[in-house]
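Everything below belongs to my_file_9.txt, which stores compact mmCIF, C-alpha atoms.
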# COMPACT_ATOMS: atom_id res chain seq x y z
CA MET A 1 92.22 114.14 99.58
CA THR A 2 92.41 115.58 103.08
CA ILE A 3 90.93 113.64 105.95
CA SER A 4 89.80 115.72 108.88
CA PHE A 5 88.38 114.90 112.28
CA ARG A 6 86.30 117.03 114.61
CA PRO A 7 85.08 116.45 118.17
CA ALA A 8 82.25 113.93 118.34
CA VAL A 9 78.98 115.37 119.65
CA ARG A 10 75.94 113.24 120.23
CA GLY A 11 73.10 114.39 118.00
CA HIS A 12 69.44 113.56 117.81
CA GLU A 13 68.82 109.90 117.11
CA TRP A 14 65.85 108.47 115.30
CA LEU A 15 64.60 105.10 116.43
CA LEU A 16 63.95 102.24 114.01
CA LEU A 17 62.21 99.49 115.96
CA ALA A 18 60.49 96.25 115.02
CA ILE A 19 58.03 94.51 117.34
CA ALA A 20 57.21 90.92 116.43
CA GLY A 21 54.58 88.63 117.86
CA PRO A 22 51.55 86.54 116.99
CA THR A 23 48.13 88.04 116.38
CA GLY A 24 46.69 89.56 119.53
CA SER A 25 50.00 89.79 121.41
CA GLY A 26 49.85 93.58 121.85
CA LYS A 27 52.23 94.72 119.11
CA THR A 28 50.15 97.65 117.86
CA ARG A 29 49.27 99.15 121.22
CA SER A 30 52.86 98.72 122.41
CA ALA A 31 54.16 100.40 119.25
CA LEU A 32 51.75 103.32 119.65
CA ARG A 33 52.64 103.75 123.33
CA ILE A 34 56.36 103.69 122.55
CA ALA A 35 55.78 106.26 119.80
CA ARG A 36 53.87 108.49 122.24
CA GLY A 37 56.72 108.23 124.73
CA LEU A 38 59.23 109.19 122.04
CA VAL A 39 57.39 112.27 120.75
CA GLY A 40 55.76 113.44 123.98
CA PRO A 41 52.13 114.34 124.66
CA GLN A 42 51.88 116.89 121.84
CA GLY A 43 53.97 115.06 119.22
CA LYS A 44 52.42 113.84 116.00
CA ILE A 45 52.13 110.09 115.36
CA ALA A 46 51.10 108.59 112.01
CA GLY A 47 49.60 105.11 111.96
CA ILE A 48 49.92 103.27 108.66
CA ASP A 49 47.40 100.41 108.80
CA THR A 50 47.54 97.44 106.42
CA GLU A 51 45.16 95.44 108.62
CA ASN A 52 41.79 96.79 107.44
CA GLY A 53 41.33 99.30 110.25
CA ARG A 54 42.41 97.08 113.16
CA MET A 55 44.76 99.84 114.34
CA LEU A 56 41.71 101.99 115.10
CA HIS A 57 40.89 99.71 118.07
CA HIS A 58 43.70 101.50 119.91
CA ALA A 59 42.47 105.06 119.26
CA PRO A 60 40.88 105.38 122.72
CA TYR A 61 44.23 104.66 124.38
CA VAL A 62 46.78 106.58 122.29
CA GLN A 63 46.09 109.65 120.12
CA PHE A 64 47.40 109.22 116.55
CA ASP A 65 46.41 109.95 112.96
CA HIS A 66 45.41 106.97 110.84
CA ALA A 67 46.02 106.13 107.18
CA PRO A 68 44.57 102.94 105.70
CA PHE A 69 46.97 101.13 103.35
CA VAL A 70 45.54 98.54 100.94
CA ALA A 71 47.26 96.24 98.44
CA PRO A 72 49.51 96.19 96.57
CA PHE A 73 52.03 96.07 99.43
CA SER A 74 55.20 96.62 97.43
CA PRO A 75 58.30 98.11 99.07
CA ALA A 76 57.91 101.22 96.89
CA ARG A 77 54.37 101.84 98.20
CA TYR A 78 55.53 101.49 101.81
CA LEU A 79 58.09 104.18 101.08
CA GLU A 80 55.37 106.43 99.56
CA TYR A 81 53.36 106.18 102.78
CA VAL A 82 56.38 106.89 104.98
CA ASP A 83 57.41 109.86 102.83
CA ALA A 84 53.86 111.27 102.94
CA ALA A 85 53.86 111.02 106.75
CA ILE A 86 57.23 112.76 107.03
CA GLU A 87 56.15 115.47 104.60
CA ALA A 88 53.05 116.03 106.78
CA GLY A 89 55.30 116.61 109.81
CA TYR A 90 54.88 113.40 111.80
CA GLN A 91 57.71 112.72 114.25
CA ALA A 92 56.82 109.03 114.69
CA ILE A 93 55.34 106.50 112.31
CA VAL A 94 53.86 103.16 113.33
CA ILE A 95 53.46 100.64 110.51
CA ASP A 96 51.11 97.77 111.23
CA SER A 97 51.96 95.50 109.58
CA GLU A 98 55.31 95.47 107.81
CA SER A 99 54.78 91.73 107.24
CA HIS A 100 52.63 92.52 104.21
CA GLU A 101 55.64 94.06 102.46
CA TRP A 102 57.11 90.57 102.25
CA ALA A 103 54.12 88.21 102.17
CA GLY A 104 51.08 90.36 101.31
CA ASP A 105 49.35 90.95 97.99
CA GLY A 106 51.86 92.66 95.70
CA GLY A 107 54.67 92.20 98.22
CA CYS A 108 58.12 90.72 97.68
CA GLN A 109 56.92 87.14 97.34
CA ASP A 110 54.43 88.16 94.65
CA ILE A 111 57.13 90.18 92.87
CA HIS A 112 59.31 87.04 92.94
CA ASP A 113 56.51 84.82 91.62
CA ALA A 114 55.78 87.22 88.76
CA ALA A 115 59.48 87.37 87.84
CA LEU A 116 59.74 83.58 87.96
CA THR A 117 56.70 83.16 85.71
CA ARG A 118 58.12 85.74 83.29
CA MET A 119 61.49 83.94 83.20
CA ALA A 120 60.33 80.33 83.08
CA GLY A 121 56.75 80.38 81.87
CA GLY A 122 55.07 77.15 82.90
CA ASP A 123 58.20 75.02 82.63
CA TYR A 124 58.61 73.62 86.17
CA ALA A 125 62.13 72.32 85.56
CA LYS A 126 63.17 75.79 84.41
CA MET A 127 61.39 77.35 87.40
CA GLU A 128 63.56 75.25 89.74
CA ARG A 129 66.69 76.54 88.06
CA MET A 130 65.53 80.17 87.89
CA ASN A 131 64.15 80.43 91.45
CA ALA A 132 67.20 82.12 93.00
CA LEU A 133 67.53 84.55 90.08
CA ALA A 134 63.86 85.51 90.42
CA TRP A 135 64.58 86.80 93.94
CA ARG A 136 66.92 89.48 92.56
CA GLU A 137 64.25 92.14 91.94
CA PRO A 138 62.22 91.75 95.17
CA LYS A 139 65.36 91.64 97.31
CA ARG A 140 66.71 94.75 95.58
CA GLU A 141 63.42 96.58 96.20
CA HIS A 142 63.36 95.48 99.86
CA LYS A 143 66.99 96.57 100.40
CA LYS A 144 66.20 99.92 98.77
CA LEU A 145 63.29 100.40 101.20
CA VAL A 146 65.46 99.56 104.21
CA ALA A 147 68.29 101.84 103.05
CA LYS A 148 65.88 104.76 102.55
CA LEU A 149 64.11 104.20 105.88
CA ILE A 150 67.42 104.44 107.71
CA GLN A 151 67.87 107.94 106.24
CA ARG A 152 64.46 109.27 107.34
CA ASN A 153 64.28 111.92 110.06
CA CYS A 154 61.58 110.47 112.28
CA HIS A 155 60.98 107.50 114.56
CA ILE A 156 59.66 104.45 112.71
CA ILE A 157 58.17 101.46 114.51
CA PHE A 158 57.22 98.33 112.57
CA CYS A 159 54.84 95.63 113.73
CA LEU A 160 55.70 92.19 112.35
CA ARG A 161 53.31 89.27 112.54
CA ALA A 162 55.07 86.15 113.81
CA ASP A 163 53.68 82.69 113.22
CA GLN A 164 52.85 80.71 116.32
CA LYS A 165 54.92 77.58 116.64
CA LEU A 166 53.46 74.22 117.54
CA LYS A 167 55.39 71.45 119.23
CA ILE A 168 54.41 67.87 118.44
CA VAL A 169 54.34 65.73 121.59
CA ARG A 170 53.86 61.95 121.69
CA LEU A 171 51.73 60.93 124.64
CA PRO A 172 52.35 57.67 126.57
CA ASN A 173 49.15 56.24 125.07
CA GLY A 174 50.64 56.65 121.59
CA LYS A 175 48.49 59.58 120.57
CA THR A 176 49.94 62.83 119.25
CA GLU A 177 49.23 66.19 120.81
CA TYR A 178 50.06 69.66 119.49
CA VAL A 179 51.27 72.08 122.16
CA ASP A 180 51.66 75.84 121.73
CA ALA A 181 55.40 76.61 121.71
CA GLY A 182 55.05 80.37 121.53

Rewrite the structure of this file - the entire thing - as structure tokens.
Amino acid sequence: MTISFRPAVRGHEWLLLAIAGPTGSGKTRSALRIARGLVGPQGKIAGIDTENGRMLHHAPYVQFDHAPFVAPFSPARYLEYVDAAIEAGYQAIVIDSESHEWAGDGGCQDIHDAALTRMAGGDYAKMERMNALAWREPKREHKKLVAKLIQRNCHIIFCLRADQKLKIVRLPNGKTEYVDAG
């Protein structure tokens, strides 16, 4: 085998970006504005919306084309939507929300639960032992999605819903107070 080298030349780079935050923190509008900046005023942006049309609230601010995405939220279905957008010529894709791929109906957690039920039935002791093995299929599907997204020739921006954290504070009077920790 012959190994050859040639001068390195910077080519076009496609952005893969994730924006995480709690509900109402501005993830979707930020993602759409970033997409617009990446593709320019005439570029085509696809919005893949798993949030029952919530993405449409941003239509007055950023021009994009919208596709509603309903359950099941399996990794394979996410890939179908991305491939359809690329085939239609979109240079940027905003997915709101990628969180459903893991925790939504038909997502990785549901795939795990179905595999665990198939493996262990209703035997809880067996379920404890089989839990790690039941993650094999959903993790494989998720990794396949990530590997294929990296190879796509367009910008892809994911919105991820983050849970708000609460800090438990003991007050001098002995009462407990919950404080928003971001």

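Residues lying at most 12 Å from (40.4, 96.2, 111.5) in file coordinates, with only C-alpha atoms considered, are Thr28, Asp49, Thr50, Glu51, Asn52, Gly53, Arg54, Met55, Leu56, His57, His58, Ala59, His66, Pro68, Phe69, Val70, Asp96 and Ser97 of chain A.
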
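When only C-alpha atoms are used to compute distances to Gly43 (chain A), the closest of the residues A:Lys143, A:Tyr90, A:Lys126, A:Asn131 turns out to be A:Tyr90.
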
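For the atom pair formed by CA of Arg77 (chain A) and CA of Gln151 (chain A), the distance is 16.9 Å, given to one decimal.
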
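Separating CA of Val82 (chain A) from CA of Asp65 (chain A) is a distance of 13.1 Å.
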
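For the set A:Asn153, A:Glu101, A:Ala134, A:His142, the residue with the smallest atom-to-atom gap to Ile86 (chain A) is A:Asn153, counting only C-alpha atoms.
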
With all atoms listed in the file as the counted atoms, please give the residues lying no more than 10 Å from Leu32 (chain A), apart from itself and same-chain residues fewer than 2 positions off, as number ranges by chain. A: 27-30, 34-38, 45-47, 55, 58-59, 61-64, 92-95, 157

How many Å lie between CA of Asp180 (chain A) and CA of Ser99 (chain A), rounded to one decimal? 21.7 Å

Polymer residues at most 12 Å from region 176-179 of chain A, only C-alpha atoms, same-chain spacing of 3 or more positions, as an mmCIF file with C-alpha atoms, in the coordinates of the input:
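Below you can see around-v1.cif, which holds the result:
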data_model
loop_
_atom_site.group_PDB
_atom_site.id
_atom_site.type_symbol
_atom_site.label_atom_id
_atom_site.label_comp_id
_atom_site.auth_asym_id
_atom_site.auth_seq_id
_atom_site.Cartn_x
_atom_site.Cartn_y
_atom_site.Cartn_z
ATOM 1 C CA GLN A 164 52.850 80.710 116.320
ATOM 2 C CA LYS A 165 54.920 77.580 116.640
ATOM 3 C CA LEU A 166 53.460 74.220 117.540
ATOM 4 C CA LYS A 167 55.390 71.450 119.230
ATOM 5 C CA ILE A 168 54.410 67.870 118.440
ATOM 6 C CA VAL A 169 54.340 65.730 121.590
ATOM 7 C CA ARG A 170 53.860 61.950 121.690
ATOM 8 C CA LEU A 171 51.730 60.930 124.640
ATOM 9 C CA PRO A 172 52.350 57.670 126.570
ATOM 10 C CA ASN A 173 49.150 56.240 125.070
ATOM 11 C CA GLY A 182 55.050 80.370 121.530
#

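Distances from A:Lys44, A:Tyr124, A:Arg136, A:Gly89 to Gln109 (chain A) were compared using all atoms listed in the file, and the smallest one belongs to A:Arg136.
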
Emit as JSON the padded axis-aligned box for all listed atoms of region 107-118 of chain A, 5 Å per side, with centre and edge lengths in Å to one decimal.
{"center_x": 57.1, "center_y": 87.7, "center_z": 90.8, "size_x": 15.3, "size_y": 19.0, "size_z": 24.9}

Who sits within 10 Å of Lys144 (chain A), only C-alpha atoms, same chain under 5 positions skipped, as JSON, numbers by chain: {"A": [75, 76, 79, 138, 139, 149]}

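Among the candidate residues A:Arg161, A:Arg10, A:His112, A:Arg118, the one lying nearest to His100 (chain A) is A:Arg161, with distances computed using only C-alpha atoms.
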
For Asp83 (chain A), the closest of A:Cys154, A:Ala162, A:Ile19, A:Val39 counting all atoms listed in the file is A:Cys154

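In terms of minimum interatomic distance to Ile156 (chain A), A:Leu16 ranks closest within A:Ile48, A:Ala120, A:Ala8, A:Leu16, counting all atoms listed in the file.
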